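J.: To be precise about what I am sending: the file is called my_file-v8.txt and holds compact mmCIF, C-alpha atoms.
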# COMPACT_ATOMS: atom_id res chain seq x y z
CA MET A 410 17.44 -57.07 -5.58
CA GLU A 411 21.18 -56.97 -6.40
CA ARG A 412 23.06 -53.83 -5.43
CA ARG A 413 23.86 -53.00 -9.07
CA SER A 414 20.21 -53.35 -10.04
CA PHE A 415 19.15 -51.32 -7.00
CA LEU A 416 21.51 -48.47 -7.86
CA ALA A 417 20.40 -48.50 -11.48
CA ALA A 418 16.74 -48.40 -10.42
CA SER A 419 17.44 -45.59 -7.95
CA ALA A 420 19.28 -43.59 -10.58
CA ALA A 421 16.44 -44.12 -13.03
CA ALA A 422 13.90 -43.03 -10.41
CA ALA A 423 15.92 -39.93 -9.60
CA THR A 424 16.13 -39.09 -13.29
CA VAL A 425 12.36 -39.46 -13.63
CA VAL A 426 11.75 -37.20 -10.59
CA ALA A 427 14.19 -34.59 -11.89
CA THR A 428 12.61 -34.72 -15.33
CA GLN A 429 9.12 -34.40 -13.87
CA ALA A 430 10.20 -31.46 -11.70
CA LYS A 431 11.83 -29.76 -14.68
CA SER A 432 8.72 -30.38 -16.74
CA ALA A 433 6.49 -29.00 -13.97
CA ARG A 434 8.59 -25.85 -13.81
CA ALA A 435 8.43 -25.48 -17.57
CA ASP A 436 4.65 -25.96 -17.54
CA GLU A 437 4.36 -23.39 -14.77
CA LYS A 438 6.29 -20.88 -16.82
CA GLN A 439 4.19 -21.58 -19.88
CA ARG A 440 0.84 -21.22 -18.22
CA PRO A 441 -0.37 -17.76 -17.18
CA ARG A 442 0.10 -16.72 -13.57
CA ARG A 443 -3.15 -17.25 -11.69
CA VAL A 444 -4.30 -14.12 -9.89
CA ALA A 445 -6.90 -13.31 -7.26
CA LEU A 446 -8.12 -9.90 -6.13
CA ILE A 447 -9.47 -9.29 -2.63
CA GLY A 448 -11.27 -5.94 -2.60
CA CYS A 449 -12.99 -4.99 -5.85
CA GLY A 450 -13.44 -1.27 -5.32
CA TRP A 451 -11.68 1.72 -6.87
CA TYR A 452 -8.03 0.85 -6.42
CA GLY A 453 -8.56 -2.86 -6.66
CA LYS A 454 -9.68 -2.37 -10.23
CA CYS A 455 -6.90 0.15 -10.93
CA ASP A 456 -4.21 -2.26 -9.73
CA LEU A 457 -5.61 -5.38 -11.37
CA LEU A 458 -6.26 -3.74 -14.74
CA GLN A 459 -2.67 -2.49 -14.90
CA LEU A 460 -1.39 -5.96 -14.06
CA ILE A 461 -3.46 -7.31 -16.94
CA ASN A 462 -1.99 -4.58 -19.15
CA ILE A 463 1.60 -5.71 -18.63
CA GLU A 464 1.20 -9.51 -18.65
CA PRO A 465 -1.50 -11.95 -19.84
CA VAL A 466 -2.25 -13.25 -16.36
CA GLU A 467 -5.35 -15.33 -15.68
CA VAL A 468 -7.57 -13.75 -13.04
CA VAL A 469 -9.23 -16.82 -11.57
CA SER A 470 -11.02 -15.38 -8.54
CA LEU A 471 -12.36 -12.22 -6.95
CA CYS A 472 -13.52 -11.50 -3.42
CA ASP A 473 -15.60 -8.73 -1.92
CA VAL A 474 -18.27 -8.41 0.75
CA ASP A 475 -20.17 -6.02 -1.54
CA GLN A 476 -22.00 -8.28 -3.99
CA LYS A 477 -22.64 -5.43 -6.42
CA LEU A 478 -18.99 -4.44 -6.65
CA LEU A 479 -18.01 -8.09 -6.91
CA GLU A 480 -20.26 -8.90 -9.87
CA GLU A 481 -19.39 -5.67 -11.68
CA CYS A 482 -15.70 -6.43 -11.32
CA ALA A 483 -16.15 -10.02 -12.55
CA ASP A 484 -17.85 -8.77 -15.71
CA LEU A 485 -15.14 -6.17 -16.23
CA ILE A 486 -12.29 -8.65 -15.91
CA ALA A 487 -13.99 -11.13 -18.24
CA SER A 488 -14.10 -8.39 -20.87
CA ARG A 489 -10.44 -7.44 -20.38
CA GLN A 490 -8.38 -10.55 -19.75
CA LYS A 491 -6.99 -12.50 -22.69
CA SER A 492 -8.88 -15.73 -21.98
CA GLY A 493 -12.24 -13.99 -21.69
CA ASN A 494 -13.01 -16.16 -18.66
CA ARG A 495 -15.17 -14.77 -15.89
CA PRO A 496 -13.39 -15.12 -12.54
CA GLU A 497 -15.01 -17.15 -9.80
CA THR A 498 -16.49 -14.89 -7.12
CA PHE A 499 -16.32 -15.18 -3.34
CA ALA A 500 -17.70 -13.25 -0.39
CA SER A 501 -15.06 -14.82 1.88
CA TYR A 502 -11.32 -14.59 1.30
CA GLU A 503 -10.86 -17.74 3.38
CA GLU A 504 -12.96 -19.71 0.89
CA LEU A 505 -11.08 -18.20 -2.02
CA LEU A 506 -7.68 -19.13 -0.56
CA ALA A 507 -8.84 -22.62 0.45
CA LYS A 508 -9.02 -23.57 -3.24
CA LYS A 509 -5.20 -23.28 -3.46
CA ASN A 510 -5.41 -22.29 -7.11
CA VAL A 511 -3.74 -18.85 -7.12
CA ASP A 512 -0.12 -17.77 -7.53
CA ILE A 513 -0.64 -14.08 -6.80
CA VAL A 514 -3.10 -12.29 -4.53
CA LEU A 515 -3.82 -8.57 -4.67
CA VAL A 516 -5.18 -7.14 -1.40
CA ASP A 517 -7.01 -3.87 -2.10
CA THR A 518 -9.39 -3.72 0.83
CA PRO A 519 -9.90 -0.81 3.25
CA ASP A 520 -6.93 -0.43 5.61
CA HIS A 521 -8.46 -2.31 8.53
CA TRP A 522 -8.73 -5.38 6.29
CA HIS A 523 -5.13 -5.39 4.95
CA ALA A 524 -3.41 -7.58 7.53
CA LEU A 525 -5.56 -10.68 7.90
CA PRO A 526 -6.02 -11.47 4.16
CA MET A 527 -2.37 -10.72 3.39
CA ILE A 528 -1.16 -13.06 6.13
CA ALA A 529 -3.64 -15.76 5.08
CA ALA A 530 -2.55 -15.42 1.43
CA VAL A 531 1.17 -15.94 2.08
CA GLU A 532 0.34 -18.85 4.37
CA ALA A 533 -1.65 -20.32 1.49
CA GLY A 534 1.47 -20.15 -0.69
CA ALA A 535 0.72 -17.03 -2.74
CA ASP A 536 2.89 -14.00 -3.42
CA VAL A 537 1.07 -10.80 -2.48
CA TYR A 538 0.66 -7.23 -3.65
CA VAL A 539 -0.93 -5.35 -0.74
CA GLN A 540 -2.07 -1.77 -0.75
CA LYS A 541 -0.54 0.72 1.62
CA PRO A 542 -0.48 1.26 4.50
CA THR A 543 0.43 -2.11 5.99
CA GLY A 544 -2.47 -2.63 8.39
CA VAL A 545 -3.68 -0.05 10.89
CA ASP A 546 -1.29 -0.46 13.82
CA THR A 547 2.42 -1.08 14.31
CA LEU A 548 2.22 -4.64 15.62
CA GLU A 549 -0.32 -5.65 12.98
CA SER A 550 2.13 -4.37 10.39
CA LYS A 551 4.99 -6.25 12.05
CA ALA A 552 2.92 -9.47 11.93
CA MET A 553 2.56 -9.00 8.17
CA LEU A 554 6.33 -8.69 7.80
CA ASP A 555 6.90 -11.74 9.99
CA ALA A 556 4.43 -13.82 7.96
CA ALA A 557 6.12 -12.90 4.70
CA ARG A 558 9.55 -13.86 6.02
CA ARG A 559 8.28 -17.04 7.69
CA THR A 560 6.69 -18.30 4.47
CA GLY A 561 9.33 -16.99 2.07
CA ARG A 562 6.73 -15.25 -0.10
CA VAL A 563 7.30 -12.07 -2.08
CA VAL A 564 5.23 -9.14 -0.81
CA GLN A 565 5.11 -5.80 -2.61
CA VAL A 566 3.43 -2.84 -0.86
CA GLY A 567 1.53 -0.31 -2.98
CA THR A 568 3.91 2.59 -2.30
CA GLN A 569 4.40 3.04 -6.01
CA ARG A 570 6.36 6.29 -5.79
CA ARG A 571 9.38 3.94 -5.81
CA SER A 572 8.34 2.85 -9.31
CA THR A 573 7.33 6.27 -10.66
CA PRO A 574 9.46 6.97 -13.76
CA HIS A 575 10.18 10.67 -13.19
CA LEU A 576 10.93 10.09 -9.49
CA ILE A 577 13.35 7.29 -10.41
CA ASP A 578 15.06 9.83 -12.68
CA ALA A 579 15.21 12.35 -9.83
CA LYS A 580 16.86 9.83 -7.54
CA LYS A 581 19.41 8.82 -10.17
CA ASN A 582 20.23 12.23 -11.63
CA VAL A 583 19.97 14.42 -8.52
CA VAL A 584 20.19 12.51 -5.25
CA ASP A 585 22.53 9.67 -6.23
CA ALA A 586 24.59 12.08 -8.33
CA GLY A 587 25.31 14.10 -5.18
CA LEU A 588 23.81 17.34 -6.48
CA LEU A 589 22.03 18.08 -3.20
CA GLY A 590 25.19 18.00 -1.13
CA ASN A 591 24.62 17.57 2.60
CA VAL A 592 20.97 16.98 3.45
CA ALA A 593 19.58 17.60 6.93
CA PHE A 594 15.94 18.51 6.35
CA ALA A 595 12.95 17.49 4.23
CA GLU A 596 9.35 18.61 4.13
CA VAL A 597 6.43 16.37 3.20
CA CYS A 598 2.91 17.70 2.93
CA CYS A 599 -0.67 17.39 1.74
CA TYR A 600 -3.03 20.32 1.39
CA TYR A 601 -5.81 18.56 -0.52
CA HIS A 602 -9.34 19.27 0.68
CA MET A 603 -9.90 15.56 1.04
CA ARG A 604 -11.50 15.26 4.47
CA ALA A 605 -15.23 14.52 4.56
CA ASN A 606 -17.18 17.54 5.79
CA SER A 607 -20.75 16.27 5.96
CA ASN A 608 -22.77 14.94 8.88
CA PRO A 609 -25.10 12.31 7.40
CA PRO A 610 -27.52 10.32 9.57
CA ALA A 611 -27.20 6.63 10.35
CA ILE A 612 -29.03 4.44 7.84
CA ASP A 613 -29.39 0.74 7.07
CA PRO A 614 -26.55 -0.72 5.00
CA PRO A 615 -27.52 -1.54 1.40
CA PRO A 616 -28.74 -5.12 0.91
CA HIS A 617 -25.81 -5.99 -1.37
CA LEU A 618 -23.27 -5.21 1.41
CA ASP A 619 -22.44 -7.56 4.27
CA TYR A 620 -21.71 -4.77 6.75
CA GLU A 621 -20.80 -7.14 9.58
CA ALA A 622 -18.09 -8.72 7.42
CA TRP A 623 -17.03 -5.31 6.04
CA THR A 624 -16.46 -4.04 9.58
CA GLY A 625 -14.51 -7.17 10.47
CA PRO A 626 -11.96 -6.58 13.24
CA ALA A 627 -12.70 -2.84 13.48
CA PRO A 628 -15.11 -1.33 16.02
CA MET A 629 -18.73 -1.44 14.87
CA ARG A 630 -19.95 2.02 13.87
CA PRO A 631 -23.41 3.08 12.70
CA TYR A 632 -23.56 2.86 8.92
CA THR A 633 -23.80 6.16 7.01
CA GLU A 634 -23.21 7.28 3.45
CA LEU A 635 -19.62 8.07 4.49
CA THR A 636 -18.89 4.46 5.35
CA HIS A 637 -18.83 2.74 1.97
CA PRO A 638 -17.56 2.90 -0.70
CA ARG A 639 -14.36 5.00 -0.61
CA LYS A 640 -15.33 7.50 2.09
CA TRP A 641 -14.39 5.26 5.03
CA ARG A 642 -11.13 7.18 5.47
CA ALA A 643 -13.17 9.75 7.36
CA PHE A 644 -12.94 7.49 10.42
CA MET A 645 -9.94 6.49 12.51
CA GLU A 646 -11.60 3.13 13.21
CA TYR A 647 -10.73 2.02 9.67
CA GLY A 648 -7.40 3.73 9.08
CA ASN A 649 -5.03 6.41 10.32
CA GLY A 650 -6.45 9.56 8.81
CA ILE A 651 -4.59 11.66 6.27
CA VAL A 652 -1.27 10.75 7.89
CA GLY A 653 -1.90 7.04 7.26
CA ASP A 654 -3.23 7.69 3.76
CA MET A 655 -1.01 10.40 2.27
CA CYS A 656 2.01 10.86 4.54
CA VAL A 657 2.95 7.21 4.15
CA HIS A 658 3.53 7.82 0.42
CA MET A 659 5.66 10.93 0.83
CA LEU A 660 7.59 9.71 3.87
CA ASP A 661 8.34 6.52 1.97
CA LEU A 662 9.43 8.59 -1.03
CA VAL A 663 11.97 10.53 1.06
CA ARG A 664 13.18 7.38 2.81
CA TRP A 665 13.75 5.73 -0.57
CA GLN A 666 15.43 8.76 -2.13
CA LEU A 667 17.81 9.21 0.82
CA ASP A 668 18.14 5.53 1.86
CA LEU A 669 16.76 6.06 5.36
CA GLY A 670 15.71 3.34 7.79
CA TRP A 671 13.64 3.81 10.94
CA PRO A 672 13.19 7.25 12.48
CA LYS A 673 14.72 7.42 15.94
CA ARG A 674 12.05 9.68 17.39
CA ILE A 675 8.53 10.68 16.31
CA SER A 676 6.46 13.62 17.52
CA SER A 677 3.19 15.10 16.31
CA VAL A 678 0.64 17.80 17.10
CA GLY A 679 -2.73 18.55 15.58
CA GLY A 680 -6.43 17.91 15.77
CA ILE A 681 -9.77 19.02 14.39
CA MET A 682 -9.14 22.76 14.29
CA VAL A 683 -11.54 24.10 11.66
CA GLN A 684 -13.90 21.48 10.23
CA LYS A 685 -15.68 20.72 13.48
CA ASP A 686 -19.18 20.12 12.13
CA SER A 687 -18.32 16.94 10.22
CA LEU A 688 -19.05 13.41 11.34
CA ALA A 689 -15.42 12.60 10.41
CA ASN A 690 -13.12 12.00 13.38
CA ILE A 691 -9.75 12.32 11.61
CA THR A 692 -7.65 15.46 12.00
CA ASP A 693 -8.02 18.36 9.61
CA THR A 694 -4.68 19.82 10.70
CA GLN A 695 -1.56 17.92 11.75
CA THR A 696 2.21 18.21 11.81
CA ALA A 697 4.56 15.30 12.51
CA THR A 698 8.33 15.23 12.83
CA PHE A 699 10.27 12.08 12.00
CA ASP A 700 13.75 12.44 13.49
CA PHE A 701 16.37 10.30 11.72
CA ASP A 702 19.23 11.43 14.00
CA GLY A 703 20.66 14.36 12.11
CA LEU A 704 17.94 14.59 9.50
CA ASP A 705 14.36 15.68 10.19
CA VAL A 706 11.46 14.88 7.88
CA VAL A 707 8.52 17.12 8.78
CA TRP A 708 4.98 16.36 7.63
CA THR A 709 2.11 18.86 7.47
CA HIS A 710 -1.44 18.37 6.31
CA ARG A 711 -4.31 20.81 6.27
CA SER A 712 -7.62 19.94 4.63
CA TRP A 713 -8.71 23.59 4.54
CA GLY A 714 -7.24 26.86 3.28
CA SER A 715 -4.62 27.20 0.58
CA ALA A 716 -1.40 25.35 -0.15
CA PRO A 717 1.72 27.48 0.41
CA ASP A 718 3.09 26.19 -2.91
CA PRO A 719 0.13 25.67 -5.27
CA GLU A 720 2.27 23.65 -7.69
CA TYR A 721 3.15 21.15 -4.96
CA PRO A 722 0.03 20.58 -2.84
CA TRP A 723 1.00 16.94 -2.14
CA ALA A 724 4.74 16.69 -2.23
CA ALA A 725 8.17 16.17 -0.76
CA LYS A 726 10.90 18.80 -0.70
CA ILE A 727 14.45 17.78 0.13
CA TYR A 728 16.88 20.53 1.14
CA GLY A 729 20.63 20.19 0.67
CA ASP A 730 23.38 22.74 1.10
CA LYS A 731 23.94 22.63 -2.66
CA GLY A 732 20.33 22.72 -3.82
CA THR A 733 16.65 21.89 -3.35
CA LEU A 734 14.69 19.02 -4.87
CA LYS A 735 10.89 19.23 -5.16
CA LEU A 736 9.02 15.99 -5.84
CA SER A 737 5.37 15.22 -6.57
CA VAL A 738 3.34 12.62 -8.44
CA ASN A 739 3.23 15.03 -11.38
CA LYS A 740 6.81 16.28 -11.68
CA PHE A 741 10.15 17.03 -10.06
CA GLU A 742 12.32 20.13 -10.08
CA PHE A 743 15.89 20.59 -8.87
CA GLU A 744 17.31 24.04 -8.34
CA PRO A 745 20.99 24.35 -7.41
CA ARG A 746 21.89 26.92 -4.80
CA GLY A 747 23.66 29.97 -6.17
CA GLY A 748 22.84 29.25 -9.79
CA GLY A 749 23.70 26.46 -12.15
CA LYS A 750 21.85 23.92 -14.25
CA LYS A 751 18.28 23.21 -13.19
CA LEU A 752 16.84 19.76 -13.74
CA SER A 753 13.21 18.69 -14.07
CA GLY A 754 10.98 15.86 -15.17
CA GLU A 755 7.30 15.09 -15.58
CA ALA A 756 5.00 12.14 -15.02
CA VAL A 757 5.00 9.61 -17.85
CA ILE A 758 1.55 9.35 -19.42
CA GLU A 759 1.20 6.51 -21.92
CA THR A 760 -2.32 6.77 -23.31
CA ASP A 761 -0.93 6.23 -26.82
CA LYS A 762 0.43 2.84 -25.78
CA TYR A 763 -2.25 1.84 -23.26
CA LEU A 764 -5.51 2.96 -24.83
CA THR A 765 -7.60 1.62 -21.97
CA ASP A 766 -6.11 4.22 -19.61
CA VAL A 767 -8.50 6.80 -21.06
CA THR A 768 -11.62 4.71 -20.54
CA ASP A 769 -10.40 3.56 -17.13
CA LYS A 770 -9.97 7.20 -16.13
CA GLU A 771 -13.57 7.88 -17.11
CA LYS A 772 -15.09 4.72 -15.62
CA TRP A 773 -12.85 3.79 -12.69
CA ALA A 774 -11.17 7.13 -11.82
CA LEU A 775 -7.73 5.89 -12.87
CA GLU A 776 -5.20 8.69 -12.36
CA LEU A 777 -3.37 8.96 -15.67
CA HIS A 778 -0.18 10.27 -14.12
CA VAL A 779 -0.09 7.26 -11.77
CA ALA A 780 -0.86 4.55 -14.32
CA SER A 781 2.76 4.22 -15.47
CA ALA A 782 3.87 4.00 -11.83
CA ILE A 783 1.44 1.16 -11.11
CA ARG A 784 2.65 -0.67 -14.21
CA GLY A 785 6.27 -0.20 -13.14
CA HIS A 786 5.44 -1.40 -9.63
CA MET A 787 3.73 -4.50 -11.02
CA ARG A 788 6.69 -5.25 -13.30
CA ASP A 789 9.05 -4.99 -10.35
CA PHE A 790 6.77 -7.29 -8.34
CA LEU A 791 6.71 -9.93 -11.09
CA ASN A 792 10.47 -9.72 -11.51
CA ALA A 793 10.94 -10.28 -7.77
CA ILE A 794 8.65 -13.32 -7.97
CA ASP A 795 10.67 -14.74 -10.86
CA ASN A 796 13.95 -14.22 -9.02
CA ARG A 797 12.62 -14.92 -5.49
CA SER A 798 14.10 -11.56 -4.47
CA LYS A 799 12.88 -8.51 -2.61
CA PRO A 800 10.84 -6.02 -4.64
CA VAL A 801 11.51 -2.28 -4.49
CA ALA A 802 8.65 -1.78 -2.00
CA ASP A 803 9.28 -4.94 -0.02
CA ILE A 804 7.03 -5.51 2.99
CA GLN A 805 9.85 -4.44 5.32
CA GLN A 806 10.05 -1.01 3.66
CA GLY A 807 6.28 -0.72 3.72
CA HIS A 808 6.29 -1.66 7.39
CA ILE A 809 8.79 1.05 8.31
CA SER A 810 6.95 3.82 6.47
CA SER A 811 3.49 2.71 7.59
CA ALA A 812 4.32 2.07 11.25
CA SER A 813 6.12 5.41 11.49
CA CYS A 814 2.90 7.13 10.41
CA PHE A 815 0.80 5.05 12.81
CA MET A 816 3.07 6.09 15.68
CA ALA A 817 2.78 9.77 14.71
CA ASN A 818 -0.91 9.53 15.62
CA VAL A 819 -0.03 7.90 18.94
CA ALA A 820 2.48 10.68 19.65
CA MET A 821 -0.21 13.30 18.89
CA GLU A 822 -2.74 11.55 21.12
CA LEU A 823 -0.34 11.32 24.06
CA GLY A 824 1.21 14.73 23.49
CA ARG A 825 4.82 13.58 23.70
CA THR A 826 7.74 12.43 21.59
CA LEU A 827 8.09 8.68 21.11
CA GLU A 828 11.44 6.93 20.86
CA PHE A 829 10.91 3.69 18.99
CA ASP A 830 13.06 0.58 19.37
CA PRO A 831 12.75 -1.45 16.13
CA GLU A 832 14.47 -4.45 17.69
CA THR A 833 11.83 -4.93 20.39
CA HIS A 834 9.02 -3.00 18.68
CA THR A 835 8.38 -1.02 21.84
CA ILE A 836 8.43 2.64 22.79
CA VAL A 837 11.49 3.20 24.96
CA ASP A 838 10.61 3.73 28.64
CA ASP A 839 6.96 4.36 27.82
CA GLU A 840 4.62 1.50 28.72
CA GLU A 841 1.48 3.52 27.95
CA ALA A 842 2.65 4.34 24.42
CA THR A 843 3.79 0.77 23.82
CA LYS A 844 0.29 -0.46 24.62
CA LYS A 845 -1.14 1.98 22.06
CA ILE A 846 0.88 0.70 19.10
CA LYS A 847 -1.48 -2.28 18.99
CA ARG A 848 -5.23 -1.86 18.58
CA SER A 849 -7.90 -4.09 20.06
CA TYR A 850 -9.74 -6.36 17.64
CA ARG A 851 -13.50 -6.79 17.72
CA ALA A 852 -14.53 -10.30 18.71
CA PRO A 853 -14.33 -12.94 17.37
CA TYR A 854 -11.40 -11.67 15.29
CA GLN A 855 -7.90 -12.16 16.68
CA HIS A 856 -5.06 -9.70 16.28
CA PRO A 857 -2.23 -11.40 14.34
CA ALA A 858 0.31 -10.33 16.96
CA ASP A 859 -1.57 -12.54 19.43
CA THR A 860 -1.64 -15.59 17.18
CA ALA A 861 1.90 -15.62 15.81
Written as structure tokens, how would this file's structure read?

T.:
Amino acid sequence: MERRSFLAASAAAATVVATQAKSARADEKQRPRRVALIGCGWYGKCDLLQLINIEPVEVVSLCDVDQKLLEECADLIASRQKSGNRPETFASYEELLAKKNVDIVLVDTPDHWHALPMIAAVEAGADVYVQKPTGVDTLESKAMLDAARRTGRVVQVGTQRRSTPHLIDAKKNVVDAGLLGNVAFAEVCCYYHMRANSNPPAIDPPPHLDYEAWTGPAPMRPYTELTHPRKWRAFMEYGNGIVGDMCVHMLDLVRWQLDLGWPKRISSVGGIMVQKDSLANITDTQTATFDFDGLDVVWTHRSWGSAPDPEYPWAAKIYGDKGTLKLSVNKFEFEPRGGGKKLSGEAVIETDKYLTDVTDKEKWALELHVASAIRGHMRDFLNAIDNRSKPVADIQQGHISSASCFMANVAMELGRTLEFDPETHTIVDDEEATKKIKRSYRAPYQHPADTA
């Protein structure tokens, strides 16, 4: 072939490839985003239904080891998504991901099943929305961060306080406006009576639940009515107690409001002080201090007795020399020291715009005051996907808040303050504590820190 003909052919081929690529991108933008949900329980439905509310995505697949939950969710999504299609159902997330037909994966499993599906999903080429906390131990959480960065996928963590409208207003109009002045202390707390207090006997798992698969990498416990669904947080084997469930939200809220990174030191005391007759093995009373070198954030939970401030039973309070800011999922209040203009705001409830919120509250226990936050969090996630940027609750931010809470439990167990080195992910001069920031996996599952 003559050089001129060769160059002309090459140019034509390049033009065809460029045109095809442009056309593929256009087609991708025109077709709905294909979504999968892993974990079809309470919050899985809450998250997915709000995603459907803000964009006509196509939910193509669902996964759960509880066949009853799985089929119920498939019927629900068929009735709610625009296409009316019933998603394909899977008992195995590996089989779901092997089809390579999803753009977005939502991981809404119990905590001990967050890491492995999230890592597998990004490795399969999907962007991921994963519920908090990130995993159940510090190195598991770090492996999730590493996987996201290695694959270049967008990962949003379900710490949706960062997308809560009235809390965004508080950050803008109080914190960023400098109304607090110098801040050196914050309190975070939960006084909900949320700890299980029964002592049910061991029973056979229901036939629709694959309990072996549900347990997965966690230690195998006898099955009771507290195990599934939703009551599994009673056991440390599956999570990190109330600190891992509720503190992670409020610690993350304060970190976001004040632009904090890793705490330098973490200490914690507590135990089962009052509710000693329950089968639950999580603490009913605990205090943790997160020392940010010049600013302490102190957590307290008590699942018995009364809240010291009944209007803020689950909250964050930030103290500045010019005023105090109280924050909760329901409202915020700023009171300047020595008088002046008070500021406040309330949760945005949009039942007039999103009529299904009312029925979802009745059927799926959707929290109305949180619905707008989930929608905002999903919008931010989709925007980050479109721009290949970091979302507001990027996996790194989720990792910091989650791992800090995990290490509070280690500090309580060992009875000493931990100094964490985020560069090496070790506890400084404490080999015993460093070993405890990674849990053992039940065979044949492999901890992702061992397979990276």

J.: Using only C-alpha atoms, pick whichever of A:Asp686, A:Ile513, A:Ala780, A:Gly567 has the shortest atom-to-atom distance to A:Val767.

T.: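 That would be A:Ala780, the residue with the smallest distance to A:Val767.
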
J.: So which one's closest to A:Cys598, A:Arg443, A:Lys726, A:Lys508, A:His786? Using only C-alpha atoms, please.

T.: A:Lys726

J.: Please determine, counting all atoms listed in the file, which residue among A:Leu791, A:Val657, A:Val837, A:Leu635 has the shortest atom-to-atom distance to A:Tyr538.

T.: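 So, comparing all the options, the nearest one is A:Leu791.
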
J.: Using atom CA of A:Ser687 and atom CA of A:Asn608 as the two end points, give the distance in Å to one decimal.

T.: 5.1 Å

J.: So, with all atoms listed in the file as the atoms that count, which of A:Val563, A:Ile804, A:Ala487, A:Ala858 lies closest to A:Phe790?

T.: A:Val563

J.: For A:Ser470, find every residue with an atom within 6 Å (counting all atoms listed in the file), except residues of its own chain fewer than 6 positions away, and show them as a VMD selection string.

T.: chain A and resid 445 496 to 498

J.: For A:Asp661, which of A:Asn494, A:Asn591, A:Ser715, A:Thr568 is the closest residue, counting all atoms listed in the file?

T.: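 Among the listed residues, the smallest separation from A:Asp661 belongs to A:Thr568.
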
J.: Expressed in Å to a single decimal, how great is the separation between atom CA of A:Leu471 and atom CA of A:Asn510?

T.: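 These atoms are spaced 12.2 Å apart.
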
J.: Got a sec: who's within 6 Å of A:Cys472, counting only C-alpha atoms, leaving out chain neighbours fewer than 2 positions off, as a list in words?

T.: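 The residues that qualify are Ile447, Thr498, Phe499 and Ala500 of chain A.
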
J.: Closest to A:Arg489 among A:Thr765, A:Gln684, A:Ser798, A:Asn649, using only C-alpha atoms?

T.: A:Thr765

J.: For stretch 698-710 of chain A, I'd like the enclosing box, axis-aligned and padded by 5 Å on every side, reported as JSON with centre and edge lengths in Å to one decimal.

T.:
{"center_x": 9.6, "center_y": 14.6, "center_z": 10.2, "size_x": 32.1, "size_y": 18.6, "size_z": 17.7}

J.: Set the distance at 6 Å and use only C-alpha atoms: which residues neighbour A:Ala782 once local chain neighbours fewer than 3 positions away are removed? I'd like the list as a ChimeraX atom specification.

T.: /A:569,572-573,779,785

J.: Report, in Å to a single decimal, how far apart atom CA of A:Val537 and atom CA of A:Val564 are.

T.: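 Interatomic distance, atom CA of A:Val564 to atom CA of A:Val537: 4.8 Å.
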
J.: Quick one: everything within 8 Å of A:Lys477, counting only C-alpha atoms, minus sequence neighbours fewer than 4 positions away in the same chain. Send it as a PyMOL selection string.

T.: chain A and resi 481+617-618

J.: Restrict the calculation to all atoms listed in the file, then for each residue of stretch 676-741 of chain A with any atom at most 12 Å from an atom of stretch 808-817 of chain A give the closest atom pair and their distance in Å to one decimal, rows by chain and rising residue number, as a Markdown table.

T.:
| residue | atom | partner | partner_atom | distance |
| --- | --- | --- | --- | --- |
| A:Ser676 | CA | A:Ala817 | CA | 6.0 |
| A:Ser677 | CA | A:Ala817 | CA | 5.6 |
| A:Val678 | CA | A:Ala817 | CA | 8.6 |
| A:Gly679 | CA | A:Ala817 | CA | 10.4 |
| A:Gln695 | CA | A:Ala817 | CA | 9.7 |
| A:Thr696 | CA | A:Ala817 | CA | 8.9 |
| A:Ala697 | CA | A:Ala817 | CA | 6.2 |
| A:Thr698 | CA | A:Ala817 | CA | 8.0 |
| A:Phe699 | CA | A:Ser813 | CA | 7.9 |
| A:Asp700 | CA | A:Ser813 | CA | 10.6 |
| A:Phe701 | CA | A:Ser813 | CA | 11.4 |
| A:Val706 | CA | A:Ser813 | CA | 11.5 |
| A:Val707 | CA | A:Ala817 | CA | 11.1 |
| A:Trp708 | CA | A:Cys814 | CA | 9.9 |
| A:Thr709 | CA | A:Ala817 | CA | 11.6 |

J.: Using all atoms listed in the file, determine which residues lie at most 12 Å from A:Thr833, disregarding the query and same-chain residues fewer than 5 positions distant; provide the list as a PyMOL selection string.

T.: chain A and resi 547-548+551+828+843

J.: Would you export the selected residues with C-alpha atoms as a PDB file, in the frame of the given file, please?

T.:
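To be explicit, this is the file written out as part36.pdb:
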ATOM      1  CA  THR A 547       2.420  -1.080  14.310  1.00  0.00           C
ATOM      2  CA  LEU A 548       2.220  -4.640  15.620  1.00  0.00           C
ATOM      3  CA  LYS A 551       4.990  -6.250  12.050  1.00  0.00           C
ATOM      4  CA  GLU A 828      11.440   6.930  20.860  1.00  0.00           C
ATOM      5  CA  THR A 843       3.790   0.770  23.820  1.00  0.00           C
TER       6      THR A 843
END

J.: List as number ranges by chain the residues having at least one atom at most 6 Å from position (3.0, -19.0, -4.1) as given in the file, counting all atoms listed in the file.

T.: A: 512, 534-536

J.: Go ahead and write the residues just picked, C-alpha atoms, as a PDB file, in the coordinates of the input.

T.:
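So again_12.pdb came out as:
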ATOM      1  CA  ASP A 512      -0.120 -17.770  -7.530  1.00  0.00           C
ATOM      2  CA  GLY A 534       1.470 -20.150  -0.690  1.00  0.00           C
ATOM      3  CA  ALA A 535       0.720 -17.030  -2.740  1.00  0.00           C
ATOM      4  CA  ASP A 536       2.890 -14.000  -3.420  1.00  0.00           C
TER       5      ASP A 536
END
